[in-house]
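**Q** Sharing target.txt (compact mmCIF, C-alpha atoms) below.
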```
# COMPACT_ATOMS: atom_id res chain seq x y z
CA MET A 244 -13.68 25.78 17.32
CA SER A 245 -12.20 23.48 19.95
CA SER A 246 -8.77 24.16 21.44
CA PRO A 247 -6.11 21.42 21.27
CA SER A 248 -6.54 20.76 24.99
CA ASP A 249 -10.15 19.72 24.32
CA ILE A 250 -9.21 17.08 21.75
CA PRO A 251 -8.61 14.13 24.15
CA VAL A 252 -12.04 14.51 25.78
CA LEU A 253 -13.82 15.14 22.45
CA ALA A 254 -12.02 12.22 20.82
CA LEU A 255 -13.07 9.78 23.54
CA ASP A 256 -16.67 11.03 23.35
CA GLN A 257 -16.78 10.77 19.55
CA LEU A 258 -15.15 7.35 19.48
CA ARG A 259 -17.64 6.03 22.02
CA ALA A 260 -20.48 7.49 19.95
CA THR A 261 -19.24 5.81 16.76
CA ILE A 262 -21.11 2.62 15.97
CA VAL A 263 -19.34 -0.73 16.11
CA ARG A 264 -20.96 -3.04 13.60
CA GLU A 265 -22.21 -6.38 14.83
CA HIS A 266 -19.42 -8.84 15.55
CA MET A 267 -19.96 -12.56 15.81
CA THR A 268 -19.40 -14.30 19.11
CA LEU A 269 -17.05 -17.26 19.16
CA ASP A 270 -19.99 -19.68 19.09
CA GLN A 271 -21.50 -17.85 16.11
CA ALA A 272 -18.13 -17.89 14.37
CA ILE A 273 -17.89 -21.65 14.83
CA GLU A 274 -21.37 -22.02 13.33
CA THR A 275 -20.27 -19.85 10.41
CA GLN A 276 -17.22 -22.03 9.83
CA TYR A 277 -19.43 -25.11 9.74
CA ALA A 278 -21.86 -23.39 7.34
CA LEU A 279 -19.04 -22.45 4.97
CA VAL A 280 -17.68 -26.00 4.99
CA ASP A 281 -21.21 -27.25 4.29
CA ALA A 282 -21.46 -24.87 1.31
CA ILE A 283 -18.11 -26.14 0.02
CA HIS A 284 -19.25 -29.73 0.51
CA ALA A 285 -22.40 -29.09 -1.52
CA VAL A 286 -20.29 -28.06 -4.52
CA MET A 287 -17.20 -30.27 -4.25
CA GLY A 288 -17.87 -32.94 -1.65
CA SER A 289 -15.53 -35.54 -3.14
CA ASP A 290 -11.98 -35.93 -4.44
CA VAL A 291 -12.72 -33.11 -6.87
CA TYR A 292 -11.94 -30.83 -3.90
CA PHE A 293 -8.25 -31.59 -4.47
CA THR A 294 -8.31 -30.78 -8.19
CA GLU A 295 -6.74 -27.42 -8.97
CA ASP A 296 -6.53 -26.54 -12.65
CA TYR A 297 -5.29 -23.69 -14.81
CA GLY A 298 -6.51 -22.01 -17.98
CA GLN A 299 -9.78 -21.05 -19.64
CA VAL A 300 -12.26 -23.90 -19.92
CA ARG A 301 -14.33 -23.33 -23.05
CA GLU A 302 -17.67 -24.45 -21.66
CA LEU A 303 -17.28 -21.82 -18.94
CA ALA A 304 -16.95 -19.04 -21.54
CA THR A 305 -18.95 -15.84 -21.04
CA VAL A 306 -18.31 -13.88 -24.24
CA GLY A 307 -18.86 -16.45 -26.96
CA PHE A 308 -17.10 -19.64 -28.01
CA GLY A 309 -13.83 -20.02 -26.12
CA GLY A 310 -13.89 -16.48 -24.74
CA GLY A 311 -13.70 -15.64 -21.08
CA GLY A 312 -13.57 -19.14 -19.69
CA ARG A 313 -12.07 -19.83 -16.28
CA PRO A 314 -10.54 -22.81 -14.48
CA ARG A 315 -13.02 -25.40 -13.22
CA ALA A 316 -11.68 -25.06 -9.67
CA THR A 317 -12.24 -21.30 -9.76
CA ALA A 318 -15.80 -21.83 -10.94
CA ARG A 319 -16.40 -24.31 -8.11
CA VAL A 320 -15.04 -21.86 -5.52
CA GLU A 321 -17.30 -19.12 -6.90
CA ARG A 322 -20.35 -21.41 -6.70
CA ALA A 323 -19.48 -22.32 -3.11
CA LEU A 324 -19.17 -18.65 -2.12
CA ALA A 325 -22.45 -17.76 -3.83
CA GLY A 326 -24.15 -20.62 -2.01
CA PHE A 327 -22.71 -19.62 1.35
CA PHE A 328 -23.73 -15.96 1.04
CA GLY A 329 -27.07 -16.75 -0.60
CA THR A 330 -26.48 -14.83 -3.83
CA GLU A 331 -27.08 -15.77 -7.46
CA ASP A 332 -23.40 -15.63 -8.35
CA ALA A 333 -19.89 -14.69 -7.23
CA VAL A 334 -16.68 -13.83 -9.07
CA LEU A 335 -13.04 -13.79 -7.96
CA VAL A 336 -10.87 -10.93 -9.18
CA HIS A 337 -7.26 -9.83 -8.84
CA GLY A 338 -6.38 -6.75 -6.78
CA ALA A 339 -7.92 -7.77 -3.43
CA GLY A 340 -10.34 -5.21 -1.97
CA THR A 341 -9.55 -2.39 -4.38
CA GLY A 342 -9.79 -4.69 -7.40
CA SER A 343 -13.14 -6.03 -6.28
CA ILE A 344 -14.54 -2.53 -5.66
CA ARG A 345 -13.42 -1.35 -9.10
CA ALA A 346 -14.96 -4.41 -10.74
CA MET A 347 -18.22 -3.84 -8.84
CA LEU A 348 -18.35 -0.15 -9.81
CA ASN A 349 -17.61 -0.90 -13.47
CA ALA A 350 -20.31 -3.58 -13.68
CA SER A 351 -22.98 -1.65 -11.74
CA LEU A 352 -22.63 1.87 -13.15
CA ARG A 353 -21.82 3.76 -16.33
CA PRO A 354 -19.53 6.76 -16.73
CA GLY A 355 -21.33 9.93 -15.68
CA ASP A 356 -23.93 8.17 -13.52
CA ASN A 357 -25.13 9.93 -10.38
CA VAL A 358 -24.05 8.21 -7.17
CA VAL A 359 -25.09 9.08 -3.61
CA LEU A 360 -22.54 8.27 -0.92
CA HIS A 361 -21.70 9.19 2.67
CA SER A 362 -20.19 12.62 3.31
CA ALA A 363 -17.25 11.06 5.18
CA HIS A 364 -14.14 10.85 3.02
CA PRO A 365 -14.18 7.73 0.77
CA TYR A 366 -11.36 5.23 1.08
CA LYS A 367 -8.14 6.39 -0.62
CA THR A 368 -8.31 3.92 -3.53
CA THR A 369 -12.10 4.07 -3.95
CA LEU A 370 -12.34 7.76 -4.80
CA PRO A 371 -9.85 7.52 -7.70
CA ALA A 372 -11.84 4.58 -9.13
CA MET A 373 -15.01 6.69 -9.00
CA ASN A 374 -13.26 9.69 -10.51
CA HIS A 375 -11.76 7.61 -13.32
CA MET A 376 -15.30 6.52 -14.24
CA GLY A 377 -16.42 10.14 -14.30
CA LEU A 378 -19.18 9.43 -11.80
CA SER A 379 -21.15 12.40 -10.50
CA LEU A 380 -20.80 12.10 -6.73
CA HIS A 381 -23.42 13.47 -4.34
CA GLN A 382 -22.33 13.26 -0.72
CA VAL A 383 -24.78 13.39 2.16
CA ASP A 384 -24.49 12.65 5.87
CA PHE A 385 -25.77 9.07 6.23
CA ASN A 386 -26.34 9.76 9.93
CA ASP A 387 -29.18 12.11 8.95
CA LEU A 388 -31.93 10.00 7.36
CA ASP A 389 -34.03 13.05 6.44
CA ALA A 390 -31.07 14.47 4.53
CA VAL A 391 -30.50 11.10 2.82
CA ARG A 392 -34.17 10.95 1.82
CA LYS A 393 -34.09 14.46 0.37
CA THR A 394 -30.85 13.88 -1.55
CA VAL A 395 -32.02 10.59 -3.03
CA ALA A 396 -35.36 12.15 -4.02
CA ASP A 397 -33.70 15.21 -5.59
CA VAL A 398 -30.86 13.42 -7.39
CA GLU A 399 -32.64 10.15 -8.31
CA PRO A 400 -29.23 8.48 -8.54
CA GLU A 401 -28.33 5.43 -10.58
CA GLY A 402 -26.19 4.21 -7.69
CA LEU A 403 -26.03 4.26 -3.89
CA TYR A 404 -22.56 3.46 -2.50
CA ILE A 405 -22.19 2.27 1.10
CA GLN A 406 -19.11 1.38 3.14
CA HIS A 407 -20.11 -1.27 5.67
CA VAL A 408 -17.67 -0.36 8.43
CA PRO A 409 -17.79 3.16 9.93
CA GLN A 410 -16.14 5.84 7.79
CA GLY A 411 -15.90 8.76 10.19
CA LEU A 412 -16.06 9.86 13.81
CA GLY A 413 -19.61 9.78 15.14
CA ASP A 414 -21.01 7.52 12.43
CA ASN A 415 -24.06 5.77 13.90
CA HIS A 416 -26.29 4.97 10.93
CA GLU A 417 -27.64 1.51 10.23
CA ILE A 418 -26.95 0.17 6.74
CA THR A 419 -30.46 -1.25 6.41
CA ASP A 420 -31.96 2.20 7.06
CA ILE A 421 -29.96 3.73 4.20
CA ILE A 422 -30.93 0.91 1.83
CA ASP A 423 -34.60 1.13 2.86
CA VAL A 424 -34.71 4.87 2.13
CA ALA A 425 -33.29 4.36 -1.36
CA ARG A 426 -35.56 1.41 -2.13
CA SER A 427 -38.68 3.20 -0.87
CA LEU A 428 -38.02 6.10 -3.26
CA LEU A 429 -36.46 4.42 -6.29
CA GLY A 430 -37.09 0.69 -5.90
CA ASP A 431 -34.83 -1.50 -8.00
CA ARG A 432 -33.92 1.40 -10.31
CA VAL A 433 -31.05 2.29 -8.02
CA LYS A 434 -28.05 -0.02 -7.78
CA VAL A 435 -27.08 -0.38 -4.13
CA ILE A 436 -23.46 -1.47 -3.88
CA VAL A 437 -21.50 -2.10 -0.70
CA ASP A 438 -17.82 -2.12 0.24
CA ASP A 439 -17.83 -5.01 2.73
CA ASN A 440 -14.11 -4.98 3.49
CA TYR A 441 -13.45 -5.64 7.19
CA ALA A 442 -17.08 -6.77 7.61
CA VAL A 443 -17.09 -10.20 5.99
CA MET A 444 -16.75 -13.01 8.55
CA ARG A 445 -17.21 -10.46 11.33
CA SER A 446 -20.82 -9.40 10.84
CA ARG A 447 -23.42 -12.12 10.52
CA ARG A 448 -24.86 -10.41 7.43
CA ILE A 449 -23.15 -8.29 4.79
CA GLY A 450 -24.46 -5.87 2.16
CA VAL A 451 -26.02 -8.34 -0.27
CA GLN A 452 -27.72 -10.09 2.64
CA LEU A 453 -29.16 -6.76 3.82
CA GLY A 454 -30.81 -5.82 0.53
CA ALA A 455 -27.92 -4.49 -1.59
CA ASP A 456 -27.35 -5.49 -5.21
CA ALA A 457 -23.66 -6.26 -4.79
CA SER A 458 -20.91 -6.65 -2.20
CA ALA A 459 -17.17 -6.41 -2.75
CA PHE A 460 -14.45 -7.53 -0.37
CA SER A 461 -10.85 -8.66 -0.12
CA LEU A 462 -10.00 -12.29 0.42
CA PHE A 463 -6.39 -11.21 1.01
CA LYS A 464 -7.63 -9.59 4.25
CA LEU A 465 -9.30 -12.91 5.10
CA LEU A 466 -6.11 -14.98 5.19
CA SER A 467 -5.76 -15.72 1.45
CA PRO A 468 -2.07 -15.98 0.53
CA VAL A 469 -2.92 -14.42 -2.87
CA GLN A 470 -4.10 -10.81 -3.38
CA ILE A 471 -7.55 -11.56 -4.74
CA GLY A 472 -11.02 -10.24 -3.98
CA CYS A 473 -14.62 -11.28 -4.48
CA VAL A 474 -17.78 -9.65 -5.78
CA LEU A 475 -21.18 -11.10 -4.89
CA GLY A 476 -24.38 -10.21 -6.69
CA ASP A 477 -27.02 -11.22 -9.20
CA GLU A 478 -26.14 -13.22 -12.29
CA GLU A 479 -26.37 -10.25 -14.69
CA LEU A 480 -24.03 -8.05 -12.65
CA ILE A 481 -21.46 -10.80 -12.09
CA SER A 482 -21.60 -11.82 -15.77
CA GLY A 483 -20.73 -8.21 -16.61
CA ILE A 484 -17.58 -8.48 -14.52
CA ARG A 485 -16.63 -11.72 -16.22
CA ARG A 486 -17.08 -10.10 -19.64
CA ASP A 487 -14.95 -7.11 -18.58
CA LEU A 488 -12.23 -9.45 -17.32
CA SER A 489 -12.47 -12.16 -19.97
CA SER A 490 -8.78 -12.08 -20.94
CA ALA A 491 -6.73 -15.07 -19.87
CA GLY A 492 -4.41 -12.85 -17.86
CA CYS A 493 -7.34 -11.60 -15.78
CA GLN A 494 -8.40 -15.03 -14.54
CA VAL A 495 -7.87 -16.19 -10.98
CA GLN A 496 -6.30 -19.60 -11.44
CA GLY A 497 -7.58 -22.73 -9.71
CA PRO A 498 -4.81 -23.12 -7.10
CA ALA A 499 -5.13 -19.47 -5.98
CA ALA A 500 -8.92 -19.80 -5.73
CA MET A 501 -8.68 -22.95 -3.65
CA GLN A 502 -6.00 -21.50 -1.35
CA ALA A 503 -8.24 -18.50 -0.67
CA LEU A 504 -11.26 -20.69 0.04
CA ARG A 505 -9.37 -23.00 2.39
CA MET A 506 -8.04 -20.09 4.42
CA LEU A 507 -11.44 -18.38 4.48
CA VAL A 508 -12.69 -21.32 6.54
CA PHE A 509 -10.43 -20.20 9.40
CA ALA A 510 -11.33 -16.51 9.21
CA PRO A 511 -14.54 -16.29 11.30
CA VAL A 512 -13.05 -17.95 14.38
CA ALA A 513 -9.78 -15.99 14.06
CA LEU A 514 -11.72 -12.72 13.84
CA ALA A 515 -13.95 -13.59 16.78
CA VAL A 516 -10.83 -14.26 18.87
CA GLN A 517 -9.36 -10.97 17.66
CA ASN A 518 -12.54 -9.11 18.64
CA ALA A 519 -12.35 -10.59 22.13
CA ALA A 520 -8.71 -9.45 22.33
CA VAL A 521 -9.73 -5.88 21.41
CA ILE A 522 -12.32 -5.81 24.19
CA GLU A 523 -10.03 -7.34 26.83
CA THR A 524 -7.11 -5.08 25.86
CA THR A 525 -9.27 -1.96 26.13
CA GLU A 526 -10.63 -2.95 29.53
CA ARG A 527 -7.16 -3.66 30.91
CA ILE A 528 -5.75 -0.39 29.56
CA ASN A 529 -8.55 1.59 31.21
CA GLU A 530 -8.04 -0.25 34.50
CA LEU A 531 -4.34 0.73 34.45
CA VAL A 532 -5.24 4.33 33.56
CA SER A 533 -7.64 4.49 36.52
CA ALA A 534 -4.88 3.17 38.77
CA GLY A 535 -2.50 5.88 37.50
CA ARG A 536 -0.12 3.34 36.00
CA LEU A 537 -0.09 4.56 32.37
CA PRO A 538 1.28 8.10 32.19
CA TYR A 539 0.19 10.30 29.29
CA VAL A 540 -2.76 7.99 28.49
CA ARG A 541 -6.25 9.47 28.86
CA GLY A 542 -8.11 6.28 28.03
CA ALA A 543 -8.89 3.65 25.42
CA VAL A 544 -11.95 2.75 23.36
CA ALA A 545 -12.81 -0.57 21.71
CA ALA A 546 -13.72 1.03 18.41
CA GLN A 547 -14.08 0.36 14.71
CA PRO A 548 -12.45 3.26 12.85
CA GLY A 549 -12.67 1.33 9.61
CA ILE A 550 -10.75 -1.53 11.21
CA ARG A 551 -11.64 -3.18 14.54
CA CYS A 552 -9.08 -2.09 17.12
CA SER A 553 -8.39 -0.46 20.46
CA VAL A 554 -7.87 3.30 20.12
CA LEU A 555 -5.46 4.84 22.61
CA VAL A 556 -6.04 8.52 23.44
CA PHE A 557 -3.32 10.63 25.12
CA ASP A 558 -3.55 13.66 27.40
CA GLU A 559 -0.75 15.39 25.51
CA PRO A 560 0.13 15.57 21.78
CA VAL A 561 2.57 12.65 22.03
CA ALA A 562 0.94 10.17 19.63
CA GLU A 563 3.63 10.41 16.97
CA ALA A 564 6.44 9.98 19.50
CA PHE A 565 4.61 7.08 21.14
CA VAL A 566 3.91 5.13 17.97
CA ARG A 567 7.58 5.42 16.98
CA SER A 568 8.52 4.18 20.42
CA ALA A 569 6.14 1.24 19.97
CA TRP A 570 7.92 0.39 16.72
CA ARG A 571 11.18 0.24 18.69
CA ASN A 572 9.59 -1.89 21.41
CA GLY A 573 7.84 -4.75 19.66
CA SER A 574 5.33 -3.48 17.11
CA PRO A 575 6.00 -3.80 13.39
CA SER A 576 6.13 -0.43 11.60
CA GLN A 577 5.00 -1.99 8.32
CA SER A 578 1.76 -3.61 7.22
CA VAL A 579 1.38 -6.08 4.37
CA GLY A 580 -2.30 -5.23 4.08
CA GLU A 581 -3.80 -5.05 7.52
CA GLU A 582 -5.00 -8.45 8.79
CA ALA A 583 -3.50 -10.30 5.83
CA GLN A 584 -2.12 -13.78 6.48
CA PRO A 585 1.47 -12.64 7.32
CA GLU A 586 0.20 -10.21 9.99
CA VAL A 587 0.64 -11.93 13.36
CA LEU A 588 2.18 -9.42 15.79
CA PRO A 589 0.00 -6.67 17.31
CA LEU A 590 0.23 -3.51 15.20
CA PHE A 591 0.51 -0.03 16.72
CA THR A 592 -0.25 2.55 14.06
CA TYR A 593 -2.11 5.73 13.09
CA LEU A 594 -5.85 6.15 12.87
CA THR A 595 -7.27 5.80 9.37
CA SER A 596 -7.25 9.00 7.32
CA THR A 597 -11.06 9.07 7.01
CA PHE A 598 -11.34 9.36 10.79
CA LEU A 599 -8.53 11.89 11.18
CA LYS A 600 -10.24 14.20 8.68
CA GLY A 601 -13.20 14.42 11.07
CA MET A 602 -11.17 16.09 13.84
CA PRO A 603 -8.13 18.18 12.87
CA GLY A 604 -5.32 17.60 15.34
CA LEU A 605 -6.54 14.17 16.39
CA GLU A 606 -3.45 12.58 14.84
CA LYS A 607 -1.39 14.16 17.66
CA TYR A 608 -3.48 12.58 20.41
CA ALA A 609 -4.61 9.14 19.26
CA ILE A 610 -3.29 5.92 17.78
CA ARG A 611 -4.86 2.54 17.22
CA ILE A 612 -3.78 -0.94 18.21
CA ASN A 613 -4.80 -3.99 16.18
CA PRO A 614 -4.14 -7.22 18.14
CA MET A 615 -3.87 -9.27 14.93
CA ARG A 616 -3.29 -12.76 16.40
CA GLY A 617 -1.93 -11.52 19.73
CA GLY A 618 -3.48 -11.04 23.15
CA ALA A 619 -3.83 -8.30 25.73
CA SER A 620 -0.70 -9.24 27.70
CA THR A 621 1.54 -8.83 24.66
CA ILE A 622 -0.03 -5.47 23.85
CA LEU A 623 0.31 -4.17 27.40
CA ARG A 624 3.96 -5.20 27.47
CA VAL A 625 4.58 -3.08 24.36
CA ILE A 626 2.64 -0.13 25.81
CA GLU A 627 4.57 -0.15 29.10
CA ALA A 628 7.94 -0.55 27.37
CA SER A 629 7.10 2.25 24.93
CA LEU A 630 6.09 4.67 27.69
CA ALA A 631 9.30 3.90 29.61
CA ASP A 632 11.49 4.23 26.51
CA ALA A 633 14.26 6.81 27.06
CA GLU A 634 13.99 8.25 23.57
CA PHE A 635 10.22 8.63 23.99
CA GLN A 636 10.78 10.49 27.25
CA LYS A 637 13.26 12.78 25.50
CA ASP A 638 10.74 13.44 22.69
CA VAL A 639 8.05 14.32 25.25
CA GLN A 640 10.32 16.81 26.94
CA ALA A 641 11.12 18.38 23.58
CA LEU A 642 7.40 18.75 22.84
CA ARG A 643 6.83 20.43 26.19
CA SER A 644 9.67 22.92 25.83
```
Output the file's structure in the form of structure tokens.

**A**
Amino acid sequence: MSSPSDIPVLALDQLRATIVREHMTLDQAIETQYALVDAIHAVMGSDVYFTEDYGQVRELATVGFGGGGRPRATARVERALAGFFGTEDAVLVHGAGTGSIRAMLNASLRPGDNVVLHSAHPYKTTLPAMNHMGLSLHQVDFNDLDAVRKTVADVEPEGLYIQHVPQGLGDNHEITDIIDVARSLLGDRVKVIVDDNYAVMRSRRIGVQLGADASAFSLFKLLSPVQIGCVLGDEELISGIRRDLSSAGCQVQGPAAMQALRMLVFAPVALAVQNAAVIETTERINELVSAGRLPYVRGAVAAQPGIRCSVLVFDEPVAEAFVRSAWRNGSPSQSVGEEAQPEVLPLFTYLTSTFLKGMPGLEKYAIRINPMRGGASTILRVIEASLADAEFQKDVQALRS
């Protein structure tokens, strides 16, 4: 077992070894914006674009006469999203990312079904949804394809659950490899479902475009002012979600659907700029560390511990004291839902729990910095002010004594 003094070196090594999923360049993001606008144009390329209705339209019913209809504008938004992502259908749901994952699980699987998933800890609201369904969970290290192959062959699961962004330290598996293993053994008998939160509009292809049956993601994390999510998949699966959520109170109304779609147009370019800020910030931090100008800092890594960010690793167990100093010196201490529309200022915060579970004690040595809409100069100003903060210095001395 490693001693605490080894954690900074091990953390940097493990963070560098953790895969960063493909991120679009700015030029690719611009192309993606144009493609989304083209998909919108194909569905509502006229004054109908400005029509935002409410209620359940009877001819859009899914559970018999008058049952489960939705606003016409919502239906148009769903058709545009399905066209853009190249799927048979799409559905908007309340509850942002968590709501979309629950809807996807409920439509894809039945209570008691066997599900294979990565051995890293599932996201905090995903595991309860799986437990509430009574799913039989079989965890295996997705980084070991032989182990995945054996588990899938032995269990013959009804479902394979994949989180698109890395779940734990050292994750380096390719999503397509995991899907290919399942398909080669079970074909279409296994439902492959993907949590694509923090991947949509970053990666050029998401789960359903890589061979999965369904993808779920938050539109709230993609600049929507309303906490709604989306599930993409085949017509049968999406129709199941509509039947489950056929009540009038479950419908995403036309204005909310259109607001989400309009803001989604801006997401790819905003996220490409953010990715560039992560890379520049990390490079500048490491240059200052090499020059001896950032005391206590061992180094930084442009990483993707669930969320794209720069991870700051310290020589001493001062992470908690530092992040509180950052909150006094320019970083918000609260998050609305990371990368939601209100989030503008760079956020200094803790590593995600799924990553911390992979290295006990890491929470004392590392924090992450999400630029949001800010740039490297703003972030460095907060870092320098936080390190010079008198209360931080007092906390460090208390830790040493």

**Q** Using all atoms listed in the file, can you tell me which of A:Gly604, A:Pro589, A:Pro409, A:Pro251 comes closest to Val521 (chain A)?

**A** A:Pro589

**Q** Looking at A:Ala503, A:Ala510, A:Val437, A:Leu590, which one is nearest to Gln452 (chain A), with distances taken over only C-alpha atoms?

**A**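 Smallest distance to Gln452 (chain A) is found for A:Val437.
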
**Q** Please identify all polymer residues within 9 Å of Glu586 (chain A), counting all atoms listed in the file, omitting same-chain residues fewer than 6 positions from it, and present them as a ChimeraX atom specification.

**A** /A:578-580,615-616

**Q** Mind dumping the selected residues with C-alpha atoms as a short mmCIF file (atom, residue, chain, number, x, y, z; two decimals), keeping the file's coordinate frame?

**A**
```cif
data_model
loop_
_atom_site.label_atom_id
_atom_site.label_comp_id
_atom_site.auth_asym_id
_atom_site.auth_seq_id
_atom_site.Cartn_x
_atom_site.Cartn_y
_atom_site.Cartn_z
CA SER A 578 1.76 -3.61 7.22
CA VAL A 579 1.38 -6.08 4.37
CA GLY A 580 -2.30 -5.23 4.08
CA MET A 615 -3.87 -9.27 14.93
CA ARG A 616 -3.29 -12.76 16.40
#
```

**Q** Between CA of His416 (chain A) and CA of Asp332 (chain A), what is the distance in Å, rounded to a tenth?

**A**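 Between these atoms lies a distance of 28.4 Å.
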
**Q** In Å, rounded to a single decimal, give me how far CA of Asp638 (chain A) is from CA of Glu530 (chain A).

**A**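 Separation between CA of Glu530 (chain A) and CA of Asp638 (chain A): 26.1 Å.
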
**Q** Quick one: everything within 9 Å of Gln494 (chain A), counting only C-alpha atoms, minus sequence neighbours fewer than 2 positions away in the same chain. Send it as number ranges by chain.

**A** A: 298-299, 311-314, 317, 335-337, 488-492, 496

**Q** Within 9 Å of Leu599 (chain A), counting all atoms listed in the file, which residues qualify if same-chain residues fewer than 5 places away don't, as a ChimeraX atom specification?

**A** /A:411-412,594,604-606

**Q** With a distance cut-off of 10 Å and all atoms listed in the file, select the neighbouring residues of region 260-263 of chain A, excluding the residue or stretch itself and same-chain residues fewer than 2 positions from it, and output the selection as a PyMOL selection string.

**A** chain A and resi 254-258+265-266+408-417+545-551

**Q** Generate the missing atoms of region 489-502 of chain A up to N, CA and C atoms and report them as an mmCIF file, in the frame of the given file.

**A**
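Wrote result-v2.cif, looks like this:
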```cif
data_model
loop_
_atom_site.group_PDB
_atom_site.id
_atom_site.type_symbol
_atom_site.label_atom_id
_atom_site.label_comp_id
_atom_site.auth_asym_id
_atom_site.auth_seq_id
_atom_site.Cartn_x
_atom_site.Cartn_y
_atom_site.Cartn_z
ATOM 1 N N SER A 489 -12.453 -10.867 -19.280
ATOM 2 C CA SER A 489 -12.470 -12.160 -19.970
ATOM 3 C C SER A 489 -11.105 -12.600 -20.479
ATOM 4 N N SER A 490 -10.120 -11.710 -20.472
ATOM 5 C CA SER A 490 -8.780 -12.080 -20.940
ATOM 6 C C SER A 490 -8.171 -13.149 -20.040
ATOM 7 N N ALA A 491 -7.360 -13.987 -20.638
ATOM 8 C CA ALA A 491 -6.730 -15.070 -19.870
ATOM 9 C C ALA A 491 -5.920 -14.540 -18.698
ATOM 10 N N GLY A 492 -5.238 -13.406 -18.916
ATOM 11 C CA GLY A 492 -4.410 -12.850 -17.860
ATOM 12 C C GLY A 492 -5.190 -12.290 -16.694
ATOM 13 N N CYS A 493 -6.507 -12.132 -16.861
ATOM 14 C CA CYS A 493 -7.340 -11.600 -15.780
ATOM 15 C C CYS A 493 -7.912 -12.697 -14.888
ATOM 16 N N GLN A 494 -7.760 -13.956 -15.290
ATOM 17 C CA GLN A 494 -8.400 -15.030 -14.540
ATOM 18 C C GLN A 494 -7.664 -15.367 -13.247
ATOM 19 N N VAL A 495 -8.431 -15.636 -12.214
ATOM 20 C CA VAL A 495 -7.870 -16.190 -10.980
ATOM 21 C C VAL A 495 -7.741 -17.695 -11.190
ATOM 22 N N GLN A 496 -6.543 -18.189 -11.135
ATOM 23 C CA GLN A 496 -6.300 -19.600 -11.440
ATOM 24 C C GLN A 496 -6.775 -20.506 -10.297
ATOM 25 N N GLY A 497 -6.998 -21.774 -10.648
ATOM 26 C CA GLY A 497 -7.580 -22.730 -9.710
ATOM 27 C C GLY A 497 -6.854 -22.852 -8.382
ATOM 28 N N PRO A 498 -5.515 -23.003 -8.385
ATOM 29 C CA PRO A 498 -4.810 -23.120 -7.100
ATOM 30 C C PRO A 498 -4.991 -21.902 -6.206
ATOM 31 N N ALA A 499 -4.950 -20.689 -6.780
ATOM 32 C CA ALA A 499 -5.130 -19.470 -5.980
ATOM 33 C C ALA A 499 -6.540 -19.415 -5.401
ATOM 34 N N ALA A 500 -7.528 -19.798 -6.203
ATOM 35 C CA ALA A 500 -8.920 -19.800 -5.730
ATOM 36 C C ALA A 500 -9.096 -20.771 -4.576
ATOM 37 N N MET A 501 -8.531 -21.952 -4.704
ATOM 38 C CA MET A 501 -8.680 -22.950 -3.650
ATOM 39 C C MET A 501 -7.916 -22.561 -2.385
ATOM 40 N N GLN A 502 -6.745 -21.956 -2.532
ATOM 41 C CA GLN A 502 -6.000 -21.500 -1.350
ATOM 42 C C GLN A 502 -6.817 -20.449 -0.587
#
```
